[in-house]
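Accompanying notes for the structure given below.
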Amino acid sequence: MIAVLLLLALLGVWEAYAQFGGVDDLVLPAPSAILTALYDDRALLWSNFTVTAGEIALGMLAALVLGLICATVIHFSSVLRRALYPLLVGSQTIPTVLVAPLLVAWWGFGVGPKVAIVALVCFFPIVVPTLDALSRVDADLRKLMRTFGASRWQTFRMVEAPAALPAVLTGAKLSVAVASIGAVFAEMAGADAGLGNLLLKAIPSLETARAFAAVLILSAFALALFGLLALAERRLVPWARQPRGTAP
Amino acid sequence: MLTRIRAPEAAPAQGESELGSVSLRDARKTFPAGRRGAEPVSALAGVSLHAGPGEIVAVVGPSGCGKSTLLELVCGLIEPDAGTVDAAPAALMAQRDLLLPWRSAVDNAALALRVAGVGREAARARARALLRDFGLEGFERARPHELSGGMRQRVAFARTLLSGRTVLCLDEPFAALDALTRQEMQDWLAGALAVVPRTVVLVTHDVEEAIVLADRVIVLSPRPGRVAATLDVDVSRPRRRTDADLVALRERATGALQEARG
């Protein structure tokens, strides 16, 4: 509630400043002008949005699948942990700005490079919390499973994997934030469609309001994805929220 | 109220002869030093212990006398450095209930059955029947956080029983409960074991718990643990805490424990 009021107040100040502060519309469009652009350019924005949204969704999905496989493999093998973990950290230090144009040079202007970049930036925030949660599983629980004669795989399936699920969702939530940035970066490096491409074209052609509208859509999409994951969290891992041992 | 227990129909009927036994002969265990330059830690320095089929043996001792190490030896989780450990397959029940928060009470109780490859519905049916015998009817679908401490321990005990092991290793099973619930649970466990006999090695630092439940009490010395005294509890069941024989035994055990501590 307070957040909404603060947002409205900020928008009001922005609107007043843009209207009466003598700022050029091309430098800082008023919120009303952005809304107008949002409406006038809806067809253009929508068609570009669907491209970017697809890239983000596919990229995150790829990161999730590969990340979970990678985390499981590393969890099961200490040799692979030593071999892969440094590479994993290394992968995160590669500057996306550098990789994106390279991928475009290799794979062209299509969706491929964008999905790859989104997957690359989302991979790390998913793998690390997952691995951490897998290795933090209560040692006594593992012992308990051993006394029941459980195999390594059974312990993973019945104890470790469910215990790590909240961390997977936390990782996915973290990766939402970087996913849209990654997608825009990748599109700026070379694309024929997408909101990043639209941004790149809107600013030199002095369509500042349209650029702001594109950013607004992107933020709204990221927020929606985040909300969706929060909802999934509440449905899938209700136990992670409940305090333990408070029952009478 | 907790002591009324029906004979669990779900648990397979087992004659005394089918119950396993536990034998430790001069078992020793030393753990390597945690830090470089530190001395290795000797946890058990030659412990002998025997629990025949259906016997309940309690092990009491001060903190850090290697009680938990002893149970891990019995359960086969670790190997002794010297001496022999001869035990039928044993199930471990710890101080913490270790229930899985994402599983309902019935699915938690059925965990060992699922591990053993029993189908979901068959495992649930057996777990449900046992939970009912344990006075948890109506709570089958509750998650652990919705249950009280005593209820959670009963679910954990059901899970231990359903593992099909005839030897149970109980590691301070009620230490996390408040005093009143602990007494209730001790009486409840005594009743449950009267109905479903098992060979039990009970580790505790609560002398009264040991005397109320066990056929024999073994007092361990401080680290490294060795047997300081053995007391036979020849008191018929059901036992009353106020019984003169029990009170006298408790005094003797407490005295032995203090002596062992030095």
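Labels for the structure tokens follow display order: chains A, B, ..., residues from 1 in each chain, ligands from 1.
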
Please identify all polymer residues within 12 Å of segment 31-44 of chain A, counting only C-alpha atoms, omitting same-chain residues fewer than 5 positions from it, and present them as an MDAnalysis selection string.
-> chainID A and resid 7:8 10:19 25:26 49:51 193:195 197:199 202 207:217

Please write the residues from the selection above to a file, keeping C-alpha atoms, as an mmCIF file, in the first residue's frame.
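Written file, again.cif:
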data_model
loop_
_atom_site.group_PDB
_atom_site.id
_atom_site.type_symbol
_atom_site.label_atom_id
_atom_site.label_comp_id
_atom_site.auth_asym_id
_atom_site.auth_seq_id
_atom_site.Cartn_x
_atom_site.Cartn_y
_atom_site.Cartn_z
ATOM 1 C CA LEU A 7 5.148 5.149 -6.650
ATOM 2 C CA LEU A 8 2.192 7.453 -7.395
ATOM 3 C CA LEU A 10 7.111 9.772 -7.664
ATOM 4 C CA LEU A 11 5.123 9.567 -10.896
ATOM 5 C CA GLY A 12 3.371 12.829 -9.964
ATOM 6 C CA VAL A 13 6.681 14.612 -9.397
ATOM 7 C CA TRP A 14 8.027 13.180 -12.657
ATOM 8 C CA GLU A 15 4.939 14.292 -14.588
ATOM 9 C CA ALA A 16 5.071 17.821 -13.091
ATOM 10 C CA TYR A 17 8.797 18.124 -13.765
ATOM 11 C CA ALA A 18 8.451 16.946 -17.382
ATOM 12 C CA GLN A 19 5.458 19.198 -18.018
ATOM 13 C CA ASP A 25 10.257 15.692 -24.317
ATOM 14 C CA LEU A 26 13.043 13.923 -26.181
ATOM 15 C CA PHE A 49 7.524 -8.151 -26.876
ATOM 16 C CA THR A 50 6.465 -11.653 -27.907
ATOM 17 C CA VAL A 51 9.919 -12.208 -29.421
ATOM 18 C CA ALA A 193 13.219 -8.033 -33.675
ATOM 19 C CA GLY A 194 12.641 -7.814 -29.931
ATOM 20 C CA LEU A 195 12.318 -5.051 -27.363
ATOM 21 C CA ASN A 197 16.224 -4.114 -30.883
ATOM 22 C CA LEU A 198 13.346 -1.661 -30.617
ATOM 23 C CA LEU A 199 15.210 0.277 -27.898
ATOM 24 C CA ALA A 202 14.016 4.155 -30.872
ATOM 25 C CA GLU A 207 11.371 8.151 -30.068
ATOM 26 C CA THR A 208 12.237 8.438 -26.374
ATOM 27 C CA ALA A 209 8.683 7.826 -25.172
ATOM 28 C CA ARG A 210 8.573 4.576 -27.152
ATOM 29 C CA ALA A 211 11.885 3.478 -25.607
ATOM 30 C CA PHE A 212 10.484 4.127 -22.132
ATOM 31 C CA ALA A 213 7.360 2.191 -23.042
ATOM 32 C CA ALA A 214 9.524 -0.767 -24.094
ATOM 33 C CA VAL A 215 11.359 -0.650 -20.767
ATOM 34 C CA LEU A 216 8.039 -0.488 -18.931
ATOM 35 C CA ILE A 217 6.797 -3.616 -20.704
#

Write out as a ChimeraX atom specification all residues of segment 48-205 of chain B that DSSP puts in alpha helix (DSSP H) for this structure's backbone.
-> /B:67-74,105-109,111-115,120-133,149-162,179-195

Could you write out that same residue set with C-alpha atoms as an mmCIF file, in the first residue's frame?
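Result saved to part09.cif:
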data_model
loop_
_atom_site.group_PDB
_atom_site.id
_atom_site.type_symbol
_atom_site.label_atom_id
_atom_site.label_comp_id
_atom_site.auth_asym_id
_atom_site.auth_seq_id
_atom_site.Cartn_x
_atom_site.Cartn_y
_atom_site.Cartn_z
ATOM 1 C CA LYS B 67 26.885 -43.091 23.385
ATOM 2 C CA SER B 68 25.944 -42.032 19.873
ATOM 3 C CA THR B 69 29.076 -43.674 18.476
ATOM 4 C CA LEU B 70 27.956 -46.888 20.120
ATOM 5 C CA LEU B 71 24.599 -46.764 18.315
ATOM 6 C CA GLU B 72 26.247 -45.977 14.992
ATOM 7 C CA LEU B 73 28.354 -49.098 15.481
ATOM 8 C CA VAL B 74 25.252 -51.186 16.192
ATOM 9 C CA ALA B 105 2.331 -38.118 8.915
ATOM 10 C CA VAL B 106 1.265 -41.289 7.114
ATOM 11 C CA ASP B 107 3.809 -40.833 4.331
ATOM 12 C CA ASN B 108 6.542 -40.133 6.866
ATOM 13 C CA ALA B 109 5.659 -43.299 8.767
ATOM 14 C CA LEU B 111 9.124 -43.939 4.424
ATOM 15 C CA ALA B 112 11.059 -47.115 5.221
ATOM 16 C CA LEU B 113 8.441 -49.236 3.469
ATOM 17 C CA ARG B 114 8.731 -47.080 0.354
ATOM 18 C CA VAL B 115 12.511 -47.449 0.489
ATOM 19 C CA ARG B 120 2.460 -46.412 -2.243
ATOM 20 C CA GLU B 121 -1.028 -47.568 -1.304
ATOM 21 C CA ALA B 122 0.085 -50.732 0.478
ATOM 22 C CA ALA B 123 2.696 -48.764 2.438
ATOM 23 C CA ARG B 124 0.122 -46.140 3.370
ATOM 24 C CA ALA B 125 -2.366 -48.751 4.521
ATOM 25 C CA ARG B 126 0.150 -50.289 6.904
ATOM 26 C CA ALA B 127 1.327 -46.898 8.150
ATOM 27 C CA ARG B 128 -2.257 -45.730 8.650
ATOM 28 C CA ALA B 129 -3.099 -48.803 10.714
ATOM 29 C CA LEU B 130 -0.048 -48.324 12.930
ATOM 30 C CA LEU B 131 -0.704 -44.596 13.407
ATOM 31 C CA ARG B 132 -4.230 -45.468 14.473
ATOM 32 C CA ASP B 133 -2.847 -47.909 17.036
ATOM 33 C CA GLY B 149 6.436 -32.831 19.786
ATOM 34 C CA GLY B 150 5.049 -36.006 21.341
ATOM 35 C CA MET B 151 2.971 -36.779 18.248
ATOM 36 C CA ARG B 152 5.966 -36.273 15.994
ATOM 37 C CA GLN B 153 8.007 -38.707 18.071
ATOM 38 C CA ARG B 154 5.203 -41.253 17.791
ATOM 39 C CA VAL B 155 5.186 -40.863 14.005
ATOM 40 C CA ALA B 156 8.972 -41.283 14.046
ATOM 41 C CA PHE B 157 8.582 -44.409 16.162
ATOM 42 C CA ALA B 158 5.983 -45.789 13.746
ATOM 43 C CA ARG B 159 8.424 -45.157 10.907
ATOM 44 C CA THR B 160 11.159 -46.977 12.858
ATOM 45 C CA LEU B 161 8.892 -49.957 13.558
ATOM 46 C CA LEU B 162 7.725 -50.194 9.949
ATOM 47 C CA ALA B 179 9.368 -32.986 31.129
ATOM 48 C CA LEU B 180 5.683 -33.900 31.286
ATOM 49 C CA THR B 181 5.446 -35.062 27.670
ATOM 50 C CA ARG B 182 8.675 -36.967 28.149
ATOM 51 C CA GLN B 183 7.204 -38.979 31.034
ATOM 52 C CA GLU B 184 4.052 -39.658 29.021
ATOM 53 C CA MET B 185 6.108 -40.801 26.070
ATOM 54 C CA GLN B 186 8.268 -43.071 28.233
ATOM 55 C CA ASP B 187 5.160 -44.787 29.593
ATOM 56 C CA TRP B 188 3.765 -44.918 26.082
ATOM 57 C CA LEU B 189 6.937 -46.506 24.701
ATOM 58 C CA ALA B 190 6.954 -49.078 27.514
ATOM 59 C CA GLY B 191 3.385 -49.972 26.539
ATOM 60 C CA ALA B 192 4.192 -50.081 22.846
ATOM 61 C CA LEU B 193 7.178 -52.375 23.382
ATOM 62 C CA ALA B 194 5.051 -54.657 25.538
ATOM 63 C CA VAL B 195 2.713 -55.103 22.569
#

Identify all chain A residues at most 12 Å from chain B by counting only C-alpha atoms; ligands do not count. Present them as number ranges by chain.
-> A: 137-166, 235-248

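Between atom CA of Leu102 of chain A and atom CA of Lys114 of chain A the interatomic distance comes to 11.5 Å.
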
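Between atom CA of Val41 of chain B and atom CA of Gly66 of chain B lies a distance of 10.3 Å.
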
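With distances restricted to only C-alpha atoms, A:Leu64 is the closest residue to Phe123 of chain A from A:Val97, A:Ile181, A:Leu64, A:Val79.
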
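Our summary of the geometry notes that atom CA of Leu177 of chain B is positioned 27.9 Å from atom CA of Leu49 of chain B.
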